[in-house]
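Before any comments, here is the structure.
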Amino acid sequence: MGLYRGILQPVINRTRYDALTLRLFLVCLLCAIGAPHLLSQDEYQDSVARSGERSRFLQLDELQDVVFLGCVQTTPEQLIGVISSLPSELSVTRQLTLYYEENFRRNTATPPSVLERLGSIRKDLQNELRFYDPDAARSDSIALVTYLDQNGYHHAKVNYNFEYSRETKKNTLTFTIVEGTRAIVDTLIVSGLESVDESIRKSALSATSIKSGDAFGESGIEKGVKAVINVLRDNGYYQATYEPPIIGISEDGLHDTLVVIVDPGKRVRIDTIIFAEYRGIYPSVNESTRKRQLDIDVGQWYNRRLIEQSRANLMSLGTFEIVLIDTIADDSATGKRHSTDSTVGLRIFTRNSKPYDVGANLLVYQTAVDNYLNVGVGATAQYRNTFGGAQVASVTLQYVLQDVSGFLQGQALQTEALASVVLAWPNVGRIFDQRFGLQTSTYYSIRQLVNPFRLESMGLNARSPISLHPQTFFNGVDVSVGLERQVPLNFDGALDEALKDATTPEDTAYVLSTFNQFLVLDEYLKTTGNFFTGINVGFTLRGDHRNNPINPTSGTFSSVSLEWGWGAGKYLRGQAYLSSAFPVGERLVGATKIKIGHIQLFEFVRGDSTQNNTYVPLERQFFAGGPASIRSYTSRTLHDPHSGEITGVDANQQYILSNVVGSASLIELGFELRYTFERPKGISDLWASVIERSGITFFTDIGNSFNRFTTDLYGTMRLEDLYKGSAIAVGVGYRFDTPVGPFRIDYATSFYDPTRPTGKWIYDRSHIMSTSNWQLSIGLGQAF
């Protein structure tokens, strides 16, 4: 069958020089050749501008770029991780220094002191440079051949060349790759599983991803073999091991035979679990709390996966600095045996961490219900392990500017001051064998609407998040209950004061419409005498299968929520949301969104003056338009012309009412194509990095809000309004990747605008490229 070998791990020895050796080398060099040669202006430009910088000690050429040619099935991104000869990565400071130094030297009037200072800065940053080493390049070519051989290219060849590239104006190390034909796996033999239980043996063999006819790759082979071992270790064979696979290569180098020898060892159960805690100067965590975090128990088969999950559960409490779970050695002093041929004992060691934190931070977040972008400042004091059971208590103070995107689009800015106290129990018990916690909060806030009118809110909330099986479509559920009290402050006298301060018809309309929204609330407080104005009970099913929650390129996110409210307003609110992301091509991702919602009122009958209560708390109403909705409209300004347009007011009043009178029904559809730019060559690293983190988006948004919360409009939506009243927005956007999500700028117009009396379709309008037909919006994070 040809050559048999184990999996190769290339080791590259690189020449290293310490500081003392370099200094001695420099002294000897100066003694031998005398004073150093000073570069002329032309010589300097040739050294810096054309050939990069040179080592002051070894006179090596700077390595500015590495290029791979001939890659067919492999990629440069894969091969760059194999070699040690990497190009210089210059900081912004050094790039600016080089730029100014080069250009100042071209000006004969530049003071020498300026050039000396720039040269001093450049020399201080000498450690950023990397230089071409012929020995390292030779070793890299061998490493590349070894890597290709390990991936089935048994006849691969690699050549290298180092020279100045006139195209990119960089010193470039070029590796020319000749891959050849890739070998396939012809036969796979797994030996040593004869003593393993039949069902486990079948599971282990099916776990490996290696199949006859697959392309040969040692990393994939090792992954497949480890999958076999993981199945064994998750079913009691905690000492299961394997020998390096034996690989047989055919004479033509195109067919490989694999032989894997596995030693499963004895199958054991967990006999003992012992807890050991190092608390130091911090409070102890109850052993019962630590035990509830475990997914393992005495009498079960040893399961490595559940042990790792138990360790993760303990770390998630936030009270431990270190968590170690290991087997227990026999006690030679007492003669007690913790491990036998059929049992094993486990020791769980925890080291407590500092339980308190105090800090202040800048807040940038999107609200959970309406997805609006808020910014502000906050301060938080937190104490973990409050009652010895890893409970978390925190006090938070915040001042928030709400819906900043709407403010940038010319809308009135609302503010909120908030204080809250939160107490969370991380592990209360289990439901259907799934662990659940409990989080309670008390809050007080003052929201500025129209001066001097403010809305005072306070409440008590309890929320219990429950994790479901990760393989199911919905892998989490939240159950919540809350009591809230909302009080319009200065309501009786504020209307006259606010109208007195209004200087324009627009100001007057905004004041009247805002106060009108709280007439029902004020009447409820005066007539019933109840302290709380509402009770809310709800649940949310969540399913998160995205590969990245901030900027996904594949997967889905879904949620279905239902909330019952009773008090000043009586209603049932339902909402469903589904978004997906999927790769379309190289650096191109598609994304879709579906969002629907409806609020059913319990004290409203059309035509019955005794049943006309349309009050729903403002934060629970539906609004359309804005950076995370229909992007050709400003926030909250899009309403169905049939069931959402308030008549009898002028255009300015209509605009203001859009912000404070929401709707009972919503439907939104969205589609995006997101393209991320490739890192360009031939430009500075600074701009290359900026371009690599940038991208463009083409999008379409469809939808509207229906059934406005007025006695005349609620319940008037018709089926035909879904297609006649839904807007169609199209646009383009810019994205820049940040650690907290993509910063985005979108520019959109309405391809179909149902709110226009004429020119609903874009092709029926004139001056369609004028700014009045387009809407600019910004946001943080993807729109969906």
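By order in the structure tokens, chains are A, B, ...; within a chain, residues start at 1; ligands start at 1, following the order shown.
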Among region 247-363 of chain A, which ones does DSSP place in helix (DSSP H, G or I), written as a PDB file with all heavy atoms, in the first residue's frame?
ATOM      1  N   GLU A 287     -23.416  25.014  49.780  1.00  0.00           N
ATOM      2  CA  GLU A 287     -23.167  23.783  49.024  1.00  0.00           C
ATOM      3  C   GLU A 287     -24.413  23.357  48.258  1.00  0.00           C
ATOM      4  O   GLU A 287     -24.325  22.812  47.155  1.00  0.00           O
ATOM      5  CB  GLU A 287     -22.711  22.667  49.966  1.00  0.00           C
ATOM      6  CG  GLU A 287     -22.344  21.381  49.221  1.00  0.00           C
ATOM      7  CD  GLU A 287     -21.723  20.344  50.138  1.00  0.00           C
ATOM      8  OE1 GLU A 287     -20.811  20.704  50.913  1.00  0.00           O
ATOM      9  OE2 GLU A 287     -22.160  19.170  50.059  1.00  0.00           O
ATOM     10  N   SER A 288     -25.589  23.621  48.821  1.00  0.00           N
ATOM     11  CA  SER A 288     -26.830  23.260  48.122  1.00  0.00           C
ATOM     12  C   SER A 288     -26.960  24.042  46.810  1.00  0.00           C
ATOM     13  O   SER A 288     -27.455  23.510  45.811  1.00  0.00           O
ATOM     14  CB  SER A 288     -28.037  23.540  49.026  1.00  0.00           C
ATOM     15  OG  SER A 288     -28.096  24.909  49.382  1.00  0.00           O
ATOM     16  N   THR A 289     -26.516  25.304  46.804  1.00  0.00           N
ATOM     17  CA  THR A 289     -26.541  26.101  45.568  1.00  0.00           C
ATOM     18  C   THR A 289     -25.588  25.521  44.548  1.00  0.00           C
ATOM     19  O   THR A 289     -25.927  25.402  43.358  1.00  0.00           O
ATOM     20  CB  THR A 289     -26.171  27.562  45.873  1.00  0.00           C
ATOM     21  OG1 THR A 289     -27.111  28.105  46.787  1.00  0.00           O
ATOM     22  CG2 THR A 289     -26.140  28.386  44.599  1.00  0.00           C
ATOM     23  N   ARG A 290     -24.391  25.171  44.993  1.00  0.00           N
ATOM     24  CA  ARG A 290     -23.418  24.578  44.058  1.00  0.00           C
ATOM     25  C   ARG A 290     -23.930  23.248  43.510  1.00  0.00           C
ATOM     26  O   ARG A 290     -23.753  22.947  42.325  1.00  0.00           O
ATOM     27  CB  ARG A 290     -22.078  24.379  44.766  1.00  0.00           C
ATOM     28  CG  ARG A 290     -21.311  25.676  45.016  1.00  0.00           C
ATOM     29  CD  ARG A 290     -20.054  25.446  45.802  1.00  0.00           C
ATOM     30  NE  ARG A 290     -20.319  25.341  47.228  1.00  0.00           N
ATOM     31  CZ  ARG A 290     -19.479  24.840  48.120  1.00  0.00           C
ATOM     32  NH1 ARG A 290     -18.325  24.333  47.727  1.00  0.00           N
ATOM     33  NH2 ARG A 290     -19.790  24.802  49.402  1.00  0.00           N
ATOM     34  N   LYS A 291     -24.579  22.474  44.358  1.00  0.00           N
ATOM     35  CA  LYS A 291     -25.073  21.168  43.914  1.00  0.00           C
ATOM     36  C   LYS A 291     -26.182  21.314  42.881  1.00  0.00           C
ATOM     37  O   LYS A 291     -26.288  20.508  41.954  1.00  0.00           O
ATOM     38  CB  LYS A 291     -25.564  20.369  45.123  1.00  0.00           C
ATOM     39  CG  LYS A 291     -25.906  18.923  44.805  1.00  0.00           C
ATOM     40  CD  LYS A 291     -26.233  18.135  46.074  1.00  0.00           C
ATOM     41  CE  LYS A 291     -26.516  16.682  45.734  1.00  0.00           C
ATOM     42  NZ  LYS A 291     -26.820  15.889  46.962  1.00  0.00           N
ATOM     43  N   ARG A 292     -27.026  22.348  43.022  1.00  0.00           N
ATOM     44  CA  ARG A 292     -28.116  22.539  42.062  1.00  0.00           C
ATOM     45  C   ARG A 292     -27.607  22.893  40.667  1.00  0.00           C
ATOM     46  O   ARG A 292     -28.325  22.730  39.684  1.00  0.00           O
ATOM     47  CB  ARG A 292     -29.075  23.623  42.555  1.00  0.00           C
ATOM     48  CG  ARG A 292     -30.025  23.171  43.655  1.00  0.00           C
ATOM     49  CD  ARG A 292     -31.211  24.120  43.776  1.00  0.00           C
ATOM     50  NE  ARG A 292     -30.783  25.478  44.063  1.00  0.00           N
ATOM     51  CZ  ARG A 292     -30.639  25.967  45.300  1.00  0.00           C
ATOM     52  NH1 ARG A 292     -30.891  25.196  46.341  1.00  0.00           N
ATOM     53  NH2 ARG A 292     -30.278  27.223  45.484  1.00  0.00           N
ATOM     54  N   ARG A 304     -18.427  13.090  30.257  1.00  0.00           N
ATOM     55  CA  ARG A 304     -17.537  14.251  30.176  1.00  0.00           C
ATOM     56  C   ARG A 304     -18.296  15.509  29.777  1.00  0.00           C
ATOM     57  O   ARG A 304     -18.050  16.602  30.301  1.00  0.00           O
ATOM     58  CB  ARG A 304     -16.428  13.964  29.163  1.00  0.00           C
ATOM     59  CG  ARG A 304     -15.433  15.112  28.969  1.00  0.00           C
ATOM     60  CD  ARG A 304     -14.716  14.981  27.648  1.00  0.00           C
ATOM     61  NE  ARG A 304     -15.645  14.880  26.549  1.00  0.00           N
ATOM     62  CZ  ARG A 304     -16.262  15.910  25.993  1.00  0.00           C
ATOM     63  NH1 ARG A 304     -16.038  17.126  26.432  1.00  0.00           N
ATOM     64  NH2 ARG A 304     -17.120  15.747  25.002  1.00  0.00           N
ATOM     65  N   ARG A 305     -19.266  15.378  28.844  1.00  0.00           N
ATOM     66  CA  ARG A 305     -20.014  16.539  28.382  1.00  0.00           C
ATOM     67  C   ARG A 305     -20.824  17.171  29.509  1.00  0.00           C
ATOM     68  O   ARG A 305     -20.837  18.396  29.675  1.00  0.00           O
ATOM     69  CB  ARG A 305     -20.941  16.147  27.229  1.00  0.00           C
ATOM     70  CG  ARG A 305     -21.797  17.296  26.686  1.00  0.00           C
ATOM     71  CD  ARG A 305     -22.687  16.816  25.567  1.00  0.00           C
ATOM     72  NE  ARG A 305     -23.562  15.744  25.991  1.00  0.00           N
ATOM     73  CZ  ARG A 305     -24.708  15.924  26.630  1.00  0.00           C
ATOM     74  NH1 ARG A 305     -25.128  17.155  26.927  1.00  0.00           N
ATOM     75  NH2 ARG A 305     -25.463  14.888  26.990  1.00  0.00           N
ATOM     76  N   LEU A 306     -21.492  16.332  30.313  1.00  0.00           N
ATOM     77  CA  LEU A 306     -22.274  16.859  31.426  1.00  0.00           C
ATOM     78  C   LEU A 306     -21.382  17.433  32.516  1.00  0.00           C
ATOM     79  O   LEU A 306     -21.770  18.380  33.210  1.00  0.00           O
ATOM     80  CB  LEU A 306     -23.178  15.771  32.000  1.00  0.00           C
ATOM     81  CG  LEU A 306     -24.282  15.263  31.065  1.00  0.00           C
ATOM     82  CD1 LEU A 306     -25.134  14.215  31.772  1.00  0.00           C
ATOM     83  CD2 LEU A 306     -25.155  16.415  30.571  1.00  0.00           C
ATOM     84  N   ILE A 307     -20.183  16.906  32.668  1.00  0.00           N
ATOM     85  CA  ILE A 307     -19.240  17.457  33.633  1.00  0.00           C
ATOM     86  C   ILE A 307     -18.802  18.856  33.195  1.00  0.00           C
ATOM     87  O   ILE A 307     -18.749  19.793  34.000  1.00  0.00           O
ATOM     88  CB  ILE A 307     -18.030  16.518  33.798  1.00  0.00           C
ATOM     89  CG1 ILE A 307     -18.459  15.248  34.544  1.00  0.00           C
ATOM     90  CG2 ILE A 307     -16.894  17.212  34.544  1.00  0.00           C
ATOM     91  CD1 ILE A 307     -17.379  14.197  34.641  1.00  0.00           C
ATOM     92  N   GLU A 308     -18.499  19.015  31.912  1.00  0.00           N
ATOM     93  CA  GLU A 308     -18.127  20.335  31.401  1.00  0.00           C
ATOM     94  C   GLU A 308     -19.294  21.312  31.504  1.00  0.00           C
ATOM     95  O   GLU A 308     -19.104  22.490  31.808  1.00  0.00           O
ATOM     96  CB  GLU A 308     -17.661  20.216  29.941  1.00  0.00           C
ATOM     97  CG  GLU A 308     -16.314  19.543  29.779  1.00  0.00           C
ATOM     98  CD  GLU A 308     -15.201  20.326  30.453  1.00  0.00           C
ATOM     99  OE1 GLU A 308     -15.241  21.580  30.406  1.00  0.00           O
ATOM    100  OE2 GLU A 308     -14.307  19.709  31.053  1.00  0.00           O
ATOM    101  N   GLN A 309     -20.515  20.816  31.253  1.00  0.00           N
ATOM    102  CA  GLN A 309     -21.685  21.677  31.383  1.00  0.00           C
ATOM    103  C   GLN A 309     -21.890  22.094  32.833  1.00  0.00           C
ATOM    104  O   GLN A 309     -22.252  23.238  33.122  1.00  0.00           O
ATOM    105  CB  GLN A 309     -22.926  20.959  30.862  1.00  0.00           C
ATOM    106  CG  GLN A 309     -24.200  21.798  30.889  1.00  0.00           C
ATOM    107  CD  GLN A 309     -24.077  23.043  30.042  1.00  0.00           C
ATOM    108  OE1 GLN A 309     -23.686  22.969  28.879  1.00  0.00           O
ATOM    109  NE2 GLN A 309     -24.398  24.196  30.611  1.00  0.00           N
ATOM    110  N   SER A 310     -21.642  21.180  33.770  1.00  0.00           N
ATOM    111  CA  SER A 310     -21.751  21.504  35.194  1.00  0.00           C
ATOM    112  C   SER A 310     -20.733  22.567  35.575  1.00  0.00           C
ATOM    113  O   SER A 310     -21.040  23.491  36.348  1.00  0.00           O
ATOM    114  CB  SER A 310     -21.540  20.248  36.035  1.00  0.00           C
ATOM    115  OG  SER A 310     -22.521  19.271  35.751  1.00  0.00           O
ATOM    116  N   ARG A 311     -19.531  22.452  35.059  1.00  0.00           N
ATOM    117  CA  ARG A 311     -18.508  23.474  35.332  1.00  0.00           C
ATOM    118  C   ARG A 311     -18.949  24.832  34.781  1.00  0.00           C
ATOM    119  O   ARG A 311     -18.801  25.857  35.445  1.00  0.00           O
ATOM    120  CB  ARG A 311     -17.180  23.065  34.710  1.00  0.00           C
ATOM    121  CG  ARG A 311     -16.062  24.066  34.939  1.00  0.00           C
ATOM    122  CD  ARG A 311     -14.786  23.683  34.224  1.00  0.00           C
ATOM    123  NE  ARG A 311     -13.783  24.714  34.410  1.00  0.00           N
ATOM    124  CZ  ARG A 311     -13.709  25.835  33.701  1.00  0.00           C
ATOM    125  NH1 ARG A 311     -14.605  26.050  32.742  1.00  0.00           N
ATOM    126  NH2 ARG A 311     -12.775  26.725  33.945  1.00  0.00           N
ATOM    127  N   ALA A 312     -19.501  24.833  33.550  1.00  0.00           N
ATOM    128  CA  ALA A 312     -19.987  26.091  32.972  1.00  0.00           C
ATOM    129  C   ALA A 312     -21.132  26.672  33.797  1.00  0.00           C
ATOM    130  O   ALA A 312     -21.226  27.897  33.974  1.00  0.00           O
ATOM    131  CB  ALA A 312     -20.426  25.857  31.530  1.00  0.00           C
ATOM    132  N   ASN A 313     -22.004  25.817  34.323  1.00  0.00           N
ATOM    133  CA  ASN A 313     -23.111  26.285  35.159  1.00  0.00           C
ATOM    134  C   ASN A 313     -22.596  26.967  36.419  1.00  0.00           C
ATOM    135  O   ASN A 313     -23.118  28.008  36.839  1.00  0.00           O
ATOM    136  CB  ASN A 313     -24.023  25.124  35.534  1.00  0.00           C
ATOM    137  CG  ASN A 313     -24.749  24.538  34.337  1.00  0.00           C
ATOM    138  OD1 ASN A 313     -24.856  25.157  33.287  1.00  0.00           O
ATOM    139  ND2 ASN A 313     -25.249  23.322  34.497  1.00  0.00           N
ATOM    140  N   LEU A 314     -21.575  26.390  37.030  1.00  0.00           N
ATOM    141  CA  LEU A 314     -21.000  26.982  38.236  1.00  0.00           C
ATOM    142  C   LEU A 314     -20.328  28.321  37.932  1.00  0.00           C
ATOM    143  O   LEU A 314     -20.473  29.283  38.684  1.00  0.00           O
ATOM    144  CB  LEU A 314     -20.004  26.005  38.870  1.00  0.00           C
ATOM    145  CG  LEU A 314     -20.619  24.788  39.569  1.00  0.00           C
ATOM    146  CD1 LEU A 314     -19.562  23.721  39.825  1.00  0.00           C
ATOM    147  CD2 LEU A 314     -21.276  25.206  40.886  1.00  0.00           C
ATOM    148  N   MET A 315     -19.614  28.392  36.815  1.00  0.00           N
ATOM    149  CA  MET A 315     -18.956  29.641  36.451  1.00  0.00           C
ATOM    150  C   MET A 315     -19.978  30.726  36.125  1.00  0.00           C
ATOM    151  O   MET A 315     -19.736  31.912  36.366  1.00  0.00           O
ATOM    152  CB  MET A 315     -18.034  29.424  35.251  1.00  0.00           C
ATOM    153  CG  MET A 315     -16.769  28.646  35.568  1.00  0.00           C
ATOM    154  SD  MET A 315     -15.671  29.511  36.724  1.00  0.00           S
ATOM    155  CE  MET A 315     -15.207  30.952  35.762  1.00  0.00           C
TER     156      MET A 315
END
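When the distance limit is 10 Å and only C-alpha atoms are what count, the residues near Ile261 (chain A), minus those fewer than 4 positions from it on the same chain, are Ile189, Val190, Ser191, Gly192, Leu193, Val225, Thr241, Tyr242, Glu243, Pro244, Pro245 and Ile246 of chain A.
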Once you have the residues from the selection above, write them out as a PDB file, in the first residue's frame, restricted to N, CA and C atoms.
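Final output, saved to again39.pdb:
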ATOM      1  N   ILE A 189     -10.627   1.981   8.876  1.00  0.00           N
ATOM      2  CA  ILE A 189     -10.736   0.838   9.790  1.00  0.00           C
ATOM      3  C   ILE A 189     -10.589   1.356  11.218  1.00  0.00           C
ATOM      4  N   VAL A 190     -11.610   1.123  12.067  1.00  0.00           N
ATOM      5  CA  VAL A 190     -11.566   1.485  13.479  1.00  0.00           C
ATOM      6  C   VAL A 190     -11.527   0.199  14.288  1.00  0.00           C
ATOM      7  N   SER A 191     -10.447   0.006  15.039  1.00  0.00           N
ATOM      8  CA  SER A 191     -10.242  -1.227  15.804  1.00  0.00           C
ATOM      9  C   SER A 191     -10.251  -0.921  17.298  1.00  0.00           C
ATOM     10  N   GLY A 192     -10.732  -1.873  18.102  1.00  0.00           N
ATOM     11  CA  GLY A 192     -10.680  -1.734  19.552  1.00  0.00           C
ATOM     12  C   GLY A 192     -12.030  -1.537  20.206  1.00  0.00           C
ATOM     13  N   LEU A 193     -13.122  -1.472  19.423  1.00  0.00           N
ATOM     14  CA  LEU A 193     -14.447  -1.229  19.993  1.00  0.00           C
ATOM     15  C   LEU A 193     -15.243  -2.513  20.213  1.00  0.00           C
ATOM     16  N   VAL A 225     -11.864  11.248  14.604  1.00  0.00           N
ATOM     17  CA  VAL A 225     -11.446  10.284  15.623  1.00  0.00           C
ATOM     18  C   VAL A 225     -11.793  10.794  17.015  1.00  0.00           C
ATOM     19  N   THR A 241      -8.927   6.290  24.938  1.00  0.00           N
ATOM     20  CA  THR A 241      -7.834   6.950  24.222  1.00  0.00           C
ATOM     21  C   THR A 241      -7.703   6.326  22.832  1.00  0.00           C
ATOM     22  N   TYR A 242      -6.838   6.931  22.023  1.00  0.00           N
ATOM     23  CA  TYR A 242      -6.576   6.391  20.692  1.00  0.00           C
ATOM     24  C   TYR A 242      -5.117   6.644  20.329  1.00  0.00           C
ATOM     25  N   GLU A 243      -4.612   5.791  19.458  1.00  0.00           N
ATOM     26  CA  GLU A 243      -3.262   5.972  18.962  1.00  0.00           C
ATOM     27  C   GLU A 243      -3.294   6.824  17.698  1.00  0.00           C
ATOM     28  N   PRO A 244      -2.185   7.508  17.387  1.00  0.00           N
ATOM     29  CA  PRO A 244      -2.172   8.303  16.148  1.00  0.00           C
ATOM     30  C   PRO A 244      -2.574   7.435  14.959  1.00  0.00           C
ATOM     31  N   PRO A 245      -3.483   7.904  14.128  1.00  0.00           N
ATOM     32  CA  PRO A 245      -3.939   7.084  12.996  1.00  0.00           C
ATOM     33  C   PRO A 245      -2.785   6.677  12.084  1.00  0.00           C
ATOM     34  N   ILE A 246      -2.856   5.467  11.606  1.00  0.00           N
ATOM     35  CA  ILE A 246      -1.872   4.957  10.642  1.00  0.00           C
ATOM     36  C   ILE A 246      -2.430   5.225   9.249  1.00  0.00           C
TER      37      ILE A 246
END
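Across A:Tyr399, A:Tyr723, A:Tyr747, A:Phe473, the tightest approach to Thr700 (chain A) is made by A:Tyr747 when counting only C-alpha atoms.
Distance check against Thr187 (chain A) using only C-alpha atoms: of A:Ser212, A:Thr108, A:Ser141, A:Ser441, the minimum falls on A:Ser212.
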| message | Give me, as a PyMOL selection string, all polymer residues having an atom no more than 12 Å from Ile778 (chain A), counting only C-alpha atoms and skipping those fewer than 2 positions away in the same chain. | response | chain A and resi 372-373+403-409+626-629+631+634-635+733-736+742-748+775-776+780-783
Could you please take those selected residues and save N, CA, C and O atoms as a CSV table (one decimal), in the first residue's frame?
chain,number,residue,atom,x,y,z
A,372,TYR,N,-36.0,50.7,19.5
A,372,TYR,CA,-35.5,52.0,19.2
A,372,TYR,C,-34.1,52.2,19.9
A,372,TYR,O,-33.8,51.6,20.9
A,373,LEU,N,-33.3,53.0,19.3
A,373,LEU,CA,-32.0,53.3,19.8
A,373,LEU,C,-32.0,54.3,20.9
A,373,LEU,O,-32.4,55.5,20.6
A,403,ASP,N,-35.0,57.2,21.8
A,403,ASP,CA,-35.2,57.2,20.3
A,403,ASP,C,-34.3,58.3,19.7
A,403,ASP,O,-34.8,59.3,19.1
A,404,VAL,N,-33.0,58.1,19.8
A,404,VAL,CA,-32.1,59.1,19.3
A,404,VAL,C,-32.2,59.3,17.8
A,404,VAL,O,-32.0,60.3,17.2
A,405,SER,N,-32.4,58.1,17.1
A,405,SER,CA,-32.6,58.2,15.6
A,405,SER,C,-33.7,59.1,15.2
A,405,SER,O,-33.6,59.9,14.3
A,406,GLY,N,-34.8,59.0,16.0
A,406,GLY,CA,-35.9,59.9,15.7
A,406,GLY,C,-35.6,61.4,15.9
A,406,GLY,O,-36.0,62.3,15.1
A,407,PHE,N,-34.8,61.7,16.9
A,407,PHE,CA,-34.4,63.1,17.2
A,407,PHE,C,-33.5,63.6,16.0
A,407,PHE,O,-33.6,64.7,15.6
A,408,LEU,N,-32.6,62.7,15.5
A,408,LEU,CA,-31.7,63.1,14.4
A,408,LEU,C,-32.5,63.3,13.1
A,408,LEU,O,-32.0,64.0,12.2
A,409,GLN,N,-33.7,62.7,13.1
A,409,GLN,CA,-34.6,62.9,11.9
A,409,GLN,C,-35.5,64.1,12.1
A,409,GLN,O,-36.4,64.3,11.3
A,626,GLY,N,-38.9,54.0,10.8
A,626,GLY,CA,-37.7,54.2,11.6
A,626,GLY,C,-36.6,53.3,11.2
A,626,GLY,O,-36.8,52.4,10.3
A,627,PRO,N,-35.4,53.4,11.8
A,627,PRO,CA,-34.2,52.7,11.4
A,627,PRO,C,-34.3,51.2,11.5
A,627,PRO,O,-33.6,50.4,10.8
A,628,ALA,N,-35.2,50.7,12.4
A,628,ALA,CA,-35.4,49.3,12.6
A,628,ALA,C,-36.7,48.8,12.0
A,628,ALA,O,-37.2,47.7,12.3
A,629,SER,N,-37.4,49.6,11.3
A,629,SER,CA,-38.7,49.3,10.8
A,629,SER,C,-38.8,49.6,9.3
A,629,SER,O,-38.0,49.0,8.5
A,631,ARG,N,-37.7,51.9,6.6
A,631,ARG,CA,-36.7,52.9,6.7
A,631,ARG,C,-36.9,54.1,5.8
A,631,ARG,O,-36.0,55.0,5.7
A,634,THR,N,-39.6,58.4,9.0
A,634,THR,CA,-39.0,58.6,10.3
A,634,THR,C,-39.7,57.8,11.3
A,634,THR,O,-40.8,57.2,11.1
A,635,SER,N,-39.2,57.7,12.5
A,635,SER,CA,-39.7,56.8,13.6
A,635,SER,C,-41.1,57.2,13.9
A,635,SER,O,-41.5,58.3,14.1
A,733,GLY,N,-27.4,51.0,2.1
A,733,GLY,CA,-26.8,51.3,3.4
A,733,GLY,C,-25.3,51.1,3.5
A,733,GLY,O,-24.8,50.3,2.7
A,734,TYR,N,-24.7,51.7,4.4
A,734,TYR,CA,-23.2,51.5,4.7
A,734,TYR,C,-23.1,50.9,6.1
A,734,TYR,O,-23.8,51.2,7.0
A,735,ARG,N,-22.2,49.9,6.2
A,735,ARG,CA,-22.0,49.2,7.5
A,735,ARG,C,-20.5,49.3,7.9
A,735,ARG,O,-19.6,49.2,7.0
A,736,PHE,N,-20.2,49.5,9.1
A,736,PHE,CA,-18.8,49.5,9.7
A,736,PHE,C,-18.8,48.7,10.9
A,736,PHE,O,-19.6,49.0,11.9
A,742,PRO,N,-22.5,46.2,14.1
A,742,PRO,CA,-22.3,47.1,12.9
A,742,PRO,C,-22.9,48.5,13.2
A,742,PRO,O,-24.1,48.6,13.5
A,743,PHE,N,-22.1,49.6,12.9
A,743,PHE,CA,-22.7,50.9,12.9
A,743,PHE,C,-23.2,51.1,11.4
A,743,PHE,O,-22.5,50.8,10.5
A,744,ARG,N,-24.5,51.5,11.3
A,744,ARG,CA,-25.1,51.5,10.0
A,744,ARG,C,-25.7,52.9,9.7
A,744,ARG,O,-26.2,53.6,10.5
A,745,ILE,N,-25.6,53.2,8.4
A,745,ILE,CA,-26.2,54.4,7.8
A,745,ILE,C,-27.0,53.9,6.6
A,745,ILE,O,-26.5,53.3,5.7
A,746,ASP,N,-28.3,54.2,6.7
A,746,ASP,CA,-29.2,53.7,5.6
A,746,ASP,C,-29.9,54.9,4.9
A,746,ASP,O,-30.2,55.9,5.5
A,747,TYR,N,-30.1,54.8,3.6
A,747,TYR,CA,-30.7,55.8,2.8
A,747,TYR,C,-31.8,55.2,2.0
A,747,TYR,O,-31.5,54.3,1.1
A,748,ALA,N,-33.0,55.5,2.2
A,748,ALA,CA,-34.2,54.8,1.6
A,748,ALA,C,-35.2,55.7,1.1
A,748,ALA,O,-35.4,56.9,1.5
A,775,GLN,N,-35.0,59.2,2.8
A,775,GLN,CA,-34.9,59.3,4.3
A,775,GLN,C,-33.6,58.7,4.7
A,775,GLN,O,-33.2,57.6,4.4
A,776,LEU,N,-32.8,59.5,5.5
A,776,LEU,CA,-31.5,59.0,6.1
A,776,LEU,C,-31.7,58.6,7.5
A,776,LEU,O,-32.4,59.3,8.3
A,780,LEU,N,-27.3,51.2,15.4
A,780,LEU,CA,-26.2,50.3,15.9
A,780,LEU,C,-26.7,48.9,15.9
A,780,LEU,O,-27.8,48.6,16.5
A,781,GLY,N,-26.1,48.0,15.2
A,781,GLY,CA,-26.5,46.6,15.1
A,781,GLY,C,-27.3,46.5,13.8
A,781,GLY,O,-27.8,47.5,13.3
A,782,GLN,N,-27.4,45.3,13.3
A,782,GLN,CA,-28.2,45.1,12.1
A,782,GLN,C,-29.7,45.5,12.3
A,782,GLN,O,-30.2,45.4,13.4
A,783,ALA,N,-30.3,45.9,11.2
A,783,ALA,CA,-31.8,46.2,11.3
A,783,ALA,C,-32.6,45.0,11.8
A,783,ALA,O,-33.6,45.2,12.4
| said: Applying 8 Å and only C-alpha atoms, which residues near Tyr752 (chain A) remain after dropping the ones on its own chain fewer than 5 positions away? List them as a ChimeraX atom specification. | reply: /A:727-729,760-762
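Taking CA of Tyr571 (chain A) and CA of Gln600 (chain A) as the two end points, the separation is 5.4 Å.
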| message | as a ChimeraX atom specification, please: the residues near region 552-555 of chain A (cut-off 7 Å, only C-alpha atoms, same-chain neighbours under 3 positions excluded). | response | /A:545-549,580-583,589
| message | Neighbouring residues of Ser284 (chain A) were defined as those with any atom within 12 Å, considering only C-alpha atoms; residues of the same chain fewer than 4 positions away were excluded. Please report them as a PyMOL selection string. | response | chain A and resi 276-280+288-290+319-320+350-355+384-390
